[in-house]
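Have a look at protein_39.txt below; it lists compact mmCIF, C-alpha atoms (C1' of nucleotides).
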# COMPACT_ATOMS: atom_id res chain seq x y z
CA MET R 30 85.52 -11.65 30.01
CA ARG R 31 85.28 -14.35 32.62
CA HIS R 32 87.14 -12.99 35.65
CA LEU R 33 88.65 -9.71 36.78
CA LEU R 34 91.91 -9.12 38.55
CA ILE R 35 91.87 -6.45 41.21
CA GLY R 36 93.35 -3.84 38.90
CA GLU R 37 90.64 -4.43 36.36
CA LEU R 38 87.92 -4.21 39.01
CA ALA R 39 89.53 -1.01 40.23
CA ARG R 40 89.44 0.43 36.73
CA ARG R 41 85.84 -0.58 36.20
CA THR R 42 84.59 0.85 39.48
CA GLY R 43 86.89 3.79 39.99
CA ILE R 44 87.94 2.41 43.38
CA ARG R 45 91.60 1.85 44.07
CA PRO R 46 92.92 -1.64 44.74
CA SER R 47 93.97 -0.68 48.25
CA ALA R 48 90.40 0.35 49.02
CA LEU R 49 89.00 -2.87 47.55
CA ARG R 50 91.36 -4.91 49.71
CA TYR R 51 90.31 -2.82 52.64
CA TYR R 52 86.61 -3.47 52.01
CA GLU R 53 87.40 -7.15 51.90
CA GLU R 54 89.43 -6.95 55.09
CA VAL R 55 86.60 -5.34 57.04
CA GLY R 56 84.17 -7.91 55.70
CA ILE R 57 82.08 -5.86 53.29
CA LEU R 58 83.26 -7.53 50.11
CA PRO R 59 83.38 -11.35 50.09
CA LEU R 60 86.67 -13.18 49.65
CA PRO R 61 87.09 -13.71 45.92
CA ALA R 62 88.57 -16.79 44.31
CA ARG R 63 92.35 -16.89 44.08
CA VAL R 64 94.45 -17.92 41.13
CA SER R 65 98.07 -18.28 42.09
CA GLY R 66 97.51 -15.94 44.97
CA ARG R 67 95.77 -13.23 43.00
CA ARG R 68 92.20 -12.15 43.61
CA CYS R 69 90.00 -13.30 40.78
CA TYR R 70 86.65 -11.54 40.79
CA ASN R 71 83.36 -12.59 39.31
CA PRO R 72 81.90 -9.78 37.16
CA ASP R 73 79.11 -9.44 39.77
CA ALA R 74 81.71 -7.79 41.94
CA ILE R 75 81.43 -4.64 39.85
CA HIS R 76 77.81 -4.22 40.77
CA ARG R 77 78.49 -5.03 44.38
CA VAL R 78 81.12 -2.31 44.55
CA ASP R 79 78.81 0.11 42.76
CA VAL R 80 76.10 -0.47 45.33
CA LEU R 81 78.64 -0.08 48.11
CA ARG R 82 79.77 3.26 46.75
CA PHE R 83 76.22 4.34 46.19
CA ALA R 84 75.41 3.73 49.81
CA GLN R 85 78.60 5.48 50.85
CA GLN R 86 77.81 8.53 48.77
CA ALA R 87 74.40 8.64 50.35
CA GLY R 88 76.08 9.06 53.69
CA PHE R 89 76.30 5.54 55.09
CA THR R 90 79.36 4.53 57.03
CA LEU R 91 81.12 1.33 56.10
CA GLN R 92 79.82 -0.27 59.27
CA GLU R 93 76.29 0.58 58.26
CA ILE R 94 76.91 -0.76 54.79
CA LYS R 95 78.24 -3.96 56.25
CA THR R 96 75.05 -4.30 58.27
CA LEU R 97 73.10 -3.51 55.15
CA PHE R 98 74.86 -6.19 53.13
CA HIS R 99 74.63 -9.01 55.61
CA GLY R 100 73.20 -7.88 58.89
CA PHE R 101 69.70 -8.07 60.27
CA GLY R 102 69.48 -11.83 60.01
CA VAL R 103 69.48 -13.82 56.84
CA GLN R 104 65.80 -13.90 56.00
CA THR R 105 65.20 -10.18 56.07
CA PRO R 106 65.24 -8.98 52.45
CA LEU R 107 67.81 -6.42 51.49
CA SER R 108 65.07 -3.95 50.71
CA ALA R 109 63.75 -4.04 54.26
CA ARG R 110 67.20 -3.51 55.72
CA TRP R 111 67.86 -0.76 53.26
CA LYS R 112 64.60 0.96 54.01
CA SER R 113 65.14 0.94 57.72
CA LEU R 114 68.61 2.41 57.40
CA ALA R 115 67.67 4.80 54.60
CA ARG R 116 64.82 6.33 56.53
CA GLY R 117 67.14 7.07 59.41
CA LYS R 118 69.59 8.63 56.99
CA LEU R 119 66.90 10.81 55.49
CA ARG R 120 66.17 12.18 58.92
CA GLU R 121 69.85 12.91 59.43
CA LEU R 122 69.97 14.69 56.10
CA ASP R 123 67.07 16.88 57.12
CA VAL R 124 68.91 17.86 60.26
CA LEU R 125 71.97 18.72 58.22
CA ALA R 126 70.00 20.71 55.67
CA ASN R 127 68.56 22.65 58.55
CA ARG R 128 71.98 23.41 59.96
CA VAL R 129 73.18 24.56 56.58
CA GLN R 130 70.26 26.96 56.27
CA ARG R 131 70.87 28.36 59.72
CA MET R 132 74.53 28.83 59.01
CA ARG R 133 73.72 30.59 55.75
CA ARG R 134 71.47 32.99 57.56
CA ALA R 135 74.07 33.58 60.23
CA LEU R 136 76.78 34.31 57.70
CA GLU R 137 74.56 36.64 55.71
CA LEU R 138 73.63 38.40 58.88
CA GLY R 139 77.29 38.68 59.75
CA LEU R 140 78.07 40.21 56.39
CA LYS R 141 75.34 42.77 56.93
CA CYS R 142 75.34 43.57 60.57
CA GLY R 143 78.99 44.39 60.95
CA CYS R 144 79.63 43.05 64.41
CA VAL R 145 83.28 43.44 65.24
CA ARG R 146 83.68 41.05 68.12
CA ILE R 147 82.33 37.54 68.36
CA GLU R 148 80.58 38.51 71.58
CA ASP R 149 78.42 40.91 69.59
CA CYS R 150 77.53 38.31 67.04
CA SER R 151 73.83 38.34 66.43
CA LEU R 152 73.53 34.60 66.72
CA SER R 153 71.39 33.92 69.69
CA PRO R 154 71.61 30.66 71.61
CA ALA R 155 68.18 29.88 70.22
CA ASP R 156 69.71 29.73 66.75
CA ILE R 157 72.07 27.04 67.79
CA PRO R 158 70.85 23.59 66.91
CA GLU R 159 71.06 20.76 69.34
CA THR R 160 73.73 18.22 68.84
CA ASN R 161 71.75 15.62 67.05
CA GLY R 162 74.08 12.75 66.85
CA PRO R 163 76.85 11.73 64.53
CA PHE R 164 77.17 12.52 60.91
CA PRO R 165 79.02 10.27 58.49
CA ARG R 166 82.63 10.89 57.78
CA SER R 167 84.16 10.25 54.45
CA ARG R 168 87.52 10.63 52.88
CA ARG R 169 88.35 13.22 50.27
CA ALA R 170 87.73 12.17 46.72
CA ARG R 171 90.63 10.10 45.54
CA SER R 172 93.57 12.06 44.24
CA MET Q 16 77.85 34.64 88.96
CA ARG Q 17 81.04 36.43 88.07
CA HIS Q 18 83.36 33.73 86.68
CA LEU Q 19 83.12 30.16 85.58
CA LEU Q 20 85.56 27.37 86.16
CA ILE Q 21 86.07 24.99 83.29
CA GLY Q 22 83.70 22.41 84.70
CA GLU Q 23 80.95 24.99 84.98
CA LEU Q 24 81.51 26.19 81.41
CA ALA Q 25 81.43 22.59 80.33
CA ARG Q 26 78.12 22.06 82.07
CA ARG Q 27 76.66 25.23 80.59
CA THR Q 28 77.69 24.45 77.02
CA GLY Q 29 77.56 20.68 76.97
CA ILE Q 30 81.20 20.57 75.88
CA ARG Q 31 83.64 18.56 77.92
CA PRO Q 32 86.55 20.21 79.65
CA SER Q 33 89.04 18.30 77.55
CA ALA Q 34 87.48 19.73 74.39
CA LEU Q 35 87.50 23.25 75.81
CA ARG Q 36 91.18 22.92 76.63
CA TYR Q 37 91.73 21.60 73.14
CA TYR Q 38 89.99 24.58 71.56
CA GLU Q 39 92.20 26.83 73.60
CA GLU Q 40 95.29 24.89 72.63
CA VAL Q 41 94.59 25.26 68.92
CA GLY Q 42 93.89 28.94 69.37
CA ILE Q 43 90.14 29.11 68.88
CA LEU Q 44 89.24 30.05 72.42
CA PRO Q 45 91.28 32.83 74.01
CA LEU Q 46 93.39 32.15 77.06
CA PRO Q 47 91.16 32.83 80.05
CA ALA Q 48 92.26 34.45 83.27
CA ARG Q 49 93.86 32.15 85.83
CA VAL Q 50 93.18 31.98 89.51
CA SER Q 51 95.70 29.82 91.27
CA GLY Q 52 96.31 27.96 88.07
CA ARG Q 53 92.68 27.35 87.21
CA ARG Q 54 90.97 28.73 84.14
CA CYS Q 55 88.52 31.41 85.12
CA TYR Q 56 86.10 32.21 82.33
CA ASN Q 57 84.10 35.32 81.68
CA PRO Q 58 80.40 34.47 81.14
CA ASP Q 59 80.86 35.62 77.51
CA ALA Q 60 82.73 32.39 76.98
CA ILE Q 61 79.44 30.51 76.96
CA HIS Q 62 78.26 32.40 73.91
CA ARG Q 63 81.61 32.00 72.23
CA VAL Q 64 81.50 28.26 72.67
CA ASP Q 65 77.90 28.16 71.50
CA VAL Q 66 78.83 29.97 68.31
CA LEU Q 67 81.80 27.69 67.83
CA ARG Q 68 79.64 24.61 68.11
CA PHE Q 69 77.03 26.10 65.85
CA ALA Q 70 79.58 26.67 63.11
CA GLN Q 71 80.94 23.20 63.67
CA GLN Q 72 77.51 21.65 63.36
CA ALA Q 73 77.11 23.40 60.04
CA GLY Q 74 80.21 21.72 58.72
CA PHE Q 75 83.00 24.20 59.42
CA THR Q 76 86.33 22.75 60.42
CA LEU Q 77 88.08 24.07 63.51
CA GLN Q 78 90.67 25.71 61.30
CA GLU Q 79 87.98 27.62 59.45
CA ILE Q 80 86.31 28.58 62.68
CA LYS Q 81 89.61 29.85 63.98
CA THR Q 82 89.96 32.10 60.96
CA LEU Q 83 86.39 33.28 61.29
CA PHE Q 84 86.81 34.11 64.94
CA HIS Q 85 89.98 36.02 64.35
CA GLY Q 86 88.23 37.85 61.52
CA PHE Q 87 85.68 38.98 64.05
CA GLY Q 88 88.38 40.30 66.31
CA VAL Q 89 90.29 42.31 63.70
CA GLN Q 90 90.50 46.03 64.40
CA THR Q 91 88.95 47.14 61.17
CA PRO Q 92 85.23 46.43 61.34
CA LEU Q 93 84.33 43.71 58.86
CA SER Q 94 87.69 43.53 57.23
CA ALA Q 95 87.90 42.61 53.60
CA ARG Q 96 89.51 39.38 54.68
CA TRP Q 97 86.56 38.34 56.77
CA LYS Q 98 84.05 39.27 54.09
CA SER Q 99 85.94 37.28 51.55
CA LEU Q 100 86.05 34.26 53.78
CA ALA Q 101 82.40 34.52 54.65
CA ARG Q 102 81.41 34.75 51.01
CA GLY Q 103 83.55 31.74 50.25
CA LYS Q 104 81.82 29.83 53.01
CA LEU Q 105 78.44 30.82 51.65
CA ARG Q 106 79.39 29.33 48.32
CA GLU Q 107 80.56 26.17 50.05
CA LEU Q 108 77.33 25.95 51.96
CA ASP Q 109 75.46 26.13 48.68
CA VAL Q 110 77.51 23.29 47.32
CA LEU Q 111 76.81 21.31 50.46
CA ALA Q 112 73.10 22.04 50.31
CA ASN Q 113 73.16 20.81 46.74
CA ARG Q 114 74.90 17.65 47.74
CA VAL Q 115 72.41 17.02 50.48
CA GLN Q 116 69.64 17.28 47.91
CA ARG Q 117 71.33 14.77 45.64
CA MET Q 118 71.82 12.41 48.55
CA ARG Q 119 68.17 12.71 49.42
CA ARG Q 120 67.19 11.82 45.89
CA ALA Q 121 69.58 8.88 45.90
CA LEU Q 122 68.16 7.59 49.16
CA GLU Q 123 64.60 7.93 47.96
CA LEU Q 124 65.55 6.04 44.84
CA GLY Q 125 67.06 3.37 47.01
CA LEU Q 126 63.88 3.17 49.04
CA LYS Q 127 62.00 2.32 45.90
CA CYS Q 128 64.31 -0.51 44.93
CA GLY Q 129 62.70 -3.77 46.04
CA CYS Q 130 65.67 -6.05 45.60
CA VAL Q 131 66.08 -9.00 47.93
CA ARG Q 132 69.71 -9.77 47.24
CA ILE Q 133 72.38 -7.29 46.34
CA GLU Q 134 72.82 -9.02 43.02
CA ASP Q 135 69.21 -8.19 42.20
CA CYS Q 136 69.46 -4.55 43.19
CA SER Q 137 68.19 -2.37 40.38
CA LEU Q 138 70.34 0.60 41.22
CA SER Q 139 72.43 1.54 38.24
CA PRO Q 140 75.78 3.32 38.33
CA ALA Q 141 74.07 6.32 36.74
CA ASP Q 142 72.12 6.80 39.95
CA ILE Q 143 75.23 7.17 41.96
CA PRO Q 144 75.96 10.78 42.86
CA GLU Q 145 79.37 12.14 42.05
CA THR Q 146 81.90 12.63 44.74
CA ASN Q 147 82.11 16.35 45.13
CA GLY Q 148 84.52 16.84 47.92
CA PRO Q 149 84.43 15.86 51.53
CA PHE Q 150 81.39 15.39 53.60
CA PRO Q 151 81.23 17.39 56.81
CA ARG Q 152 82.90 15.52 59.60
CA SER Q 153 81.92 15.67 63.16
CA ARG Q 154 82.66 13.64 66.18
CA ARG Q 155 80.23 11.18 67.58
CA ALA Q 156 77.87 12.65 70.09
CA ARG Q 157 79.51 12.68 73.47
CA SER Q 158 78.93 9.59 75.51
C1' DG H 6 93.78 17.83 109.12
C1' DT H 7 92.13 14.83 106.05
C1' DA H 8 89.15 13.48 102.42
C1' DC H 9 87.21 14.74 98.14
C1' DA H 10 86.05 16.91 94.00
C1' DT H 11 87.95 19.44 90.65
C1' DA H 12 91.60 21.39 88.60
C1' DT H 13 96.37 21.25 86.14
C1' DT H 14 99.93 19.46 82.31
C1' DC H 15 101.69 16.31 79.05
C1' DA H 16 101.90 12.35 76.30
C1' DA H 17 99.73 8.89 74.11
C1' DG H 18 95.55 6.65 72.41
C1' DT H 19 91.12 6.66 69.52
C1' DT H 20 88.16 6.48 65.13
C1' DA H 21 87.19 6.15 60.08
C1' DA H 22 88.59 5.05 55.86
C1' DC H 23 91.91 4.48 53.68
C1' DT H 24 97.05 5.16 51.71
C1' DT H 25 101.85 4.26 51.56
C1' DG H 26 105.94 1.63 51.73
C1' DA H 27 108.87 -2.32 52.24
C1' DG H 28 109.83 -6.62 50.67
C1' DG H 29 108.43 -10.63 47.98
C1' DT H 30 105.86 -13.57 44.15
C1' DC H 31 104.62 -14.69 39.48
C1' DA H 32 103.65 -14.95 34.33
C1' DA H 33 104.71 -12.99 30.02
C1' DG H 34 107.65 -10.69 26.63
C1' DG H 35 112.11 -9.83 24.41
C1' DC C 28 117.60 -15.36 31.40
C1' DC C 29 116.18 -11.10 32.75
C1' DT C 30 113.19 -7.38 33.17
C1' DT C 31 108.67 -5.47 33.70
C1' DG C 32 104.30 -4.91 35.60
C1' DA C 33 100.73 -6.35 38.27
C1' DC C 34 99.93 -8.62 42.13
C1' DC C 35 100.65 -10.20 47.21
C1' DT C 36 101.07 -9.31 52.68
C1' DC C 37 101.80 -6.79 56.62
C1' DA C 38 102.87 -2.80 59.27
C1' DA C 39 102.75 1.79 59.82
C1' DG C 40 101.25 6.45 58.52
C1' DT C 41 97.47 10.01 57.68
C1' DT C 42 93.89 13.56 59.36
C1' DA C 43 90.62 15.76 62.46
C1' DA C 44 89.00 16.37 66.71
C1' DC C 45 89.18 15.03 70.51
C1' DT C 46 89.69 11.51 74.85
C1' DT C 47 92.15 9.09 78.29
C1' DG C 48 95.49 8.35 81.75
C1' DA C 49 99.11 9.45 84.92
C1' DA C 50 101.00 12.28 88.15
C1' DT C 51 100.24 16.39 90.69
C1' DA C 52 98.03 20.59 92.85
C1' DT C 53 94.33 23.24 95.11
C1' DG C 54 90.06 24.86 97.45
C1' DT C 55 86.13 23.31 100.20
C1' DA C 56 83.63 20.37 103.53
C1' DC C 57 83.60 17.93 107.59

Step by step, read the file and then write its structure as C-alpha cells.
Amino acid sequence: MRHLLIGELARRTGIRPSALRYYEEVGILPLPARVSGRRCYNPDAIHRVDVLRFAQQAGFTLQEIKTLFHGFGVQTPLSARWKSLARGKLRELDVLANRVQRMRRALELGLKCGCVRIEDCSLSPADIPETNGPFPRSRRARS
Amino acid sequence: MRHLLIGELARRTGIRPSALRYYEEVGILPLPARVSGRRCYNPDAIHRVDVLRFAQQAGFTLQEIKTLFHGFGVQTPLSARWKSLARGKLRELDVLANRVQRMRRALELGLKCGCVRIEDCSLSPADIPETNGPFPRSRRARS
DNA sequence: GTACATATTCAAGTTAACTTGAGGTCAAGG
DNA sequence: CCTTGACCTCAAGTTAACTTGAATATGTAC
C-alpha cells in the first residue's frame, strides 16, 4: 500500500475527513501530494495523526500542538518542546484534579447537610479555588 | 454596606458585570432589586456567585449549575430530584478524575519519549487514551 | 450645570474545533 | 453512456459562555 486517500487515512486513524482537512487548513498537518486533485498521503501520515490525537487527548489545544509540531525554532528537538509543554500540562491537570476533589467533597456535604437554600450552602469562600487559567476545550467524541 | 451595585459585586467576585448580567439572563442568578433601573444586590449575592464559579471550575456547565441552584431552592428540603442530580454528578466527577489520571499517565509517557522528529516518536496508538466524552470547558481567564 | 463614572438594554461578535451543505470533478463499473 | 462513490472547495452553521459596542440614562463631584 503505497499511498492513502483521505478516506483511507480517516478509516485508519478514526478521524473524519473533514477534521483532517481542518488540521491541514490550520497548518498542523502538512499539505499532502495531490493526484488529480485528491490528497494522496504517505503512510507516515497515520502516525502523525496518531501523535496529534494523542496530544489532543492529553489536553493540548490544536494551537499548542501546532507549536509542538513545528514551533520553538527548528533546531530544538521535538522531545524538548514536548517536555516543556507537557510539564505545564501536568501542572494544569493537578489543578483540575484538585478542583474535582473539592467539588466531590462539596457535593457529598450537600447530600448530607441538607441545606435548603444556596445561601446556607456549607461551601465557604476558602473552599473556592482561584481561577487558575484556561483549561483545554475539546469537542464531543465523534458521533 | 447594605447593597452592592453590579460593579461592586464584580469587584468582590472577580466576575465582570457582563458575565453577571449573563448569568441573570440565563436564569442562574435571581433578578436583584432595582433602584432607579440599577441592579442592587444583597451581599448574599457574593457567596452565590462564588459557589457558581466554584462549580464551574469543577467542570459543571451553566445549565447543570442552574438545575443545582434551583434544586437548592425547592420547598422540600433536599428533594429527591436534587439528590438524584447530585449523585449523578458525583459519578461524573469520578469519571473525570479517572480521565485526568489517564491523561497524566499519557503525558508522563510522552515525557519519556526522546524522539527528535515526529516520525521518530515512539508513542504507539495503544498509548492513546480513549475519548470518553467531553473535557470540561471553561473560558480563558479574564484579561 | 456640566462633566464623569457607572449604569442600562439589545444586538452582534468571539473562540475552538469542527461539521454540514451546496455545487462540482473524476475514475471505474455495468 | 450513465451512474455511483469518493473526492474537491468554499461558505456558513454549531455550541458554550461570554464580550463588545452603540445608544441612552442616572447619580455624584466640582

(Q) Please determine, counting all atoms listed in the file, which residue among C:DC57, C:DA44, C:DC29, C:DC37 has the shortest atom-to-atom distance to chain Q. (A) C:DA44

Q: Using only C-alpha atoms (C1' of nucleotides), select each residue of chain H with any atom at most 10 Å away from an atom of chain R, and give the selection as a ChimeraX atom specification.
A: /H:21-25,30-31

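Using only C-alpha atoms (C1' of nucleotides), the nearest neighbour of DA32 (chain H) within the list R:Leu119, R:Val64, R:Leu33, R:Ile57 is R:Val64.
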
Q: Give me, please, the distance in Å between CA of Lys112 (chain R) and CA of Gly125 (chain Q), quoted to one decimal.
A: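 CA of Lys112 (chain R) sits 7.8 Å away from CA of Gly125 (chain Q).
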
Q: Calculate how many Å separate C1' of DC9 (chain H) from C1' of DT47 (chain C), rounding to one decimal.
A: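 C1' of DT47 (chain C) lies at a distance of 21.2 Å from C1' of DC9 (chain H).
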
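CA of Arg128 (chain R) is positioned 18.0 Å from CA of Thr28 (chain Q).
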
Produce the centre coordinates and the three edge lengths, each in Å to one decimal, of the box along x, y and z that contains all listed atoms of region 51-65 of chain Q with 4 Å added on each side, as AutoDock Vina command-line options.
--center_x 87.1 --center_y 31.5 --center_z 81.4 --size_x 26.4 --size_y 16.3 --size_z 27.8

(Q) Give me, as number ranges by chain, the residues of chain C touching chain Q, with the criterion being at most 12 Å (counting only C-alpha atoms (C1' of nucleotides)). (A) C: 42-47, 52-54

Q.
Restricting the calculation to all atoms listed in the file: of Q:Ile30, Q:Ala70, Q:Leu100, Q:Val41, which residue gets closest to chain R?
A. Q:Ala70

Q.
With all atoms listed in the file as the counted atoms, please give the residues lying no more than 12 Å from Arg119 (chain Q), apart from itself and same-chain residues fewer than 3 positions off, as an MDAnalysis selection string.
A. (chainID R and resid 84 86:88 115:123 125:126) or (chainID Q and resid 112:116 122:126 142:144)

Q.
Nearest residue to chain R out of Q:Arg17, Q:Arg26, Q:Arg36, Q:Arg120, using all atoms listed in the file?
A.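 With all atoms listed in the file as the atom set, the closest residue is Q:Arg120.
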
Q: Just the residues within 7 Å of His18 (chain Q), please, counting only C-alpha atoms (C1' of nucleotides), with nothing from its chain fewer than 2 positions along; format it as a ChimeraX atom specification.
A: /Q:16,20,55-58

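Using all atoms listed in the file, the smallest distance between any of Q:Arg68, Q:Lys127, Q:Arg54, Q:His62 and DT11 (chain H) comes from Q:Arg54.
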
**Q.** Best match for closeness to chain Q among R:Ala62, R:Met132, R:Leu38, R:Leu97, counting only C-alpha atoms
**A.**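 Smallest distance to chain Q is found for R:Met132.
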
(Q) Please return as a list in words every residue within 12 Å of (101.7, 17.8, 75.2), taking into account all atoms listed in the file and the file's own coordinates. (A) Arg36, Tyr37 and Glu40 of chain Q; DT14, DC15, DA16 and DA17 of chain H

Taking the block above, write region 41-89 of chain R with C-alpha atoms as a PDB file, in the first residue's frame.
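Output contents, as saved in selection-v2.pdb:
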ATOM      1  CA  ARG R  41      -7.079   4.097   9.697  1.00  0.00           C
ATOM      2  CA  THR R  42      -6.980   6.869  12.285  1.00  0.00           C
ATOM      3  CA  GLY R  43     -10.610   7.154  13.268  1.00  0.00           C
ATOM      4  CA  ILE R  44     -10.595  10.849  12.347  1.00  0.00           C
ATOM      5  CA  ARG R  45     -13.140  12.124   9.878  1.00  0.00           C
ATOM      6  CA  PRO R  46     -12.034  13.578   6.559  1.00  0.00           C
ATOM      7  CA  SER R  47     -13.462  16.968   7.454  1.00  0.00           C
ATOM      8  CA  ALA R  48     -11.281  17.043  10.559  1.00  0.00           C
ATOM      9  CA  LEU R  49      -8.196  16.000   8.598  1.00  0.00           C
ATOM     10  CA  ARG R  50      -8.804  18.789   6.103  1.00  0.00           C
ATOM     11  CA  TYR R  51      -9.266  21.130   9.004  1.00  0.00           C
ATOM     12  CA  TYR R  52      -5.945  20.129  10.577  1.00  0.00           C
ATOM     13  CA  GLU R  53      -4.307  20.788   7.256  1.00  0.00           C
ATOM     14  CA  GLU R  54      -6.039  24.135   6.908  1.00  0.00           C
ATOM     15  CA  VAL R  55      -4.803  25.357  10.275  1.00  0.00           C
ATOM     16  CA  GLY R  56      -1.299  24.180   9.468  1.00  0.00           C
ATOM     17  CA  ILE R  57      -0.910  21.184  11.750  1.00  0.00           C
ATOM     18  CA  LEU R  58      -0.801  18.547   9.042  1.00  0.00           C
ATOM     19  CA  PRO R  59       1.455  19.222   6.036  1.00  0.00           C
ATOM     20  CA  LEU R  60      -0.010  19.573   2.558  1.00  0.00           C
ATOM     21  CA  PRO R  61      -0.007  16.091   1.060  1.00  0.00           C
ATOM     22  CA  ALA R  62       0.725  15.270  -2.561  1.00  0.00           C
ATOM     23  CA  ARG R  63      -2.188  15.586  -4.956  1.00  0.00           C
ATOM     24  CA  VAL R  64      -3.212  13.178  -7.668  1.00  0.00           C
ATOM     25  CA  SER R  65      -5.841  14.674  -9.908  1.00  0.00           C
ATOM     26  CA  GLY R  66      -6.846  16.992  -7.125  1.00  0.00           C
ATOM     27  CA  ARG R  67      -7.137  14.347  -4.441  1.00  0.00           C
ATOM     28  CA  ARG R  68      -4.991  14.261  -1.326  1.00  0.00           C
ATOM     29  CA  CYS R  69      -2.543  11.404  -1.537  1.00  0.00           C
ATOM     30  CA  TYR R  70      -0.989  10.646   1.833  1.00  0.00           C
ATOM     31  CA  ASN R  71       2.255   8.939   2.665  1.00  0.00           C
ATOM     32  CA  PRO R  72       1.684   6.139   5.218  1.00  0.00           C
ATOM     33  CA  ASP R  73       3.666   8.239   7.744  1.00  0.00           C
ATOM     34  CA  ALA R  74       0.597  10.417   7.932  1.00  0.00           C
ATOM     35  CA  ILE R  75      -1.122   7.777  10.050  1.00  0.00           C
ATOM     36  CA  HIS R  76       1.477   8.109  12.748  1.00  0.00           C
ATOM     37  CA  ARG R  77       1.430  11.856  12.538  1.00  0.00           C
ATOM     38  CA  VAL R  78      -2.316  11.902  13.080  1.00  0.00           C
ATOM     39  CA  ASP R  79      -1.983   9.399  15.925  1.00  0.00           C
ATOM     40  CA  VAL R  80       0.504  11.645  17.689  1.00  0.00           C
ATOM     41  CA  LEU R  81      -1.746  14.625  17.083  1.00  0.00           C
ATOM     42  CA  ARG R  82      -4.691  12.858  18.666  1.00  0.00           C
ATOM     43  CA  PHE R  83      -2.551  11.635  21.493  1.00  0.00           C
ATOM     44  CA  ALA R  84      -1.550  15.160  22.333  1.00  0.00           C
ATOM     45  CA  GLN R  85      -5.139  16.293  21.996  1.00  0.00           C
ATOM     46  CA  GLN R  86      -6.387  13.614  24.335  1.00  0.00           C
ATOM     47  CA  ALA R  87      -3.774  14.674  26.822  1.00  0.00           C
ATOM     48  CA  GLY R  88      -5.370  18.079  26.890  1.00  0.00           C
ATOM     49  CA  PHE R  89      -3.378  20.104  24.373  1.00  0.00           C
TER      50      PHE R  89
END
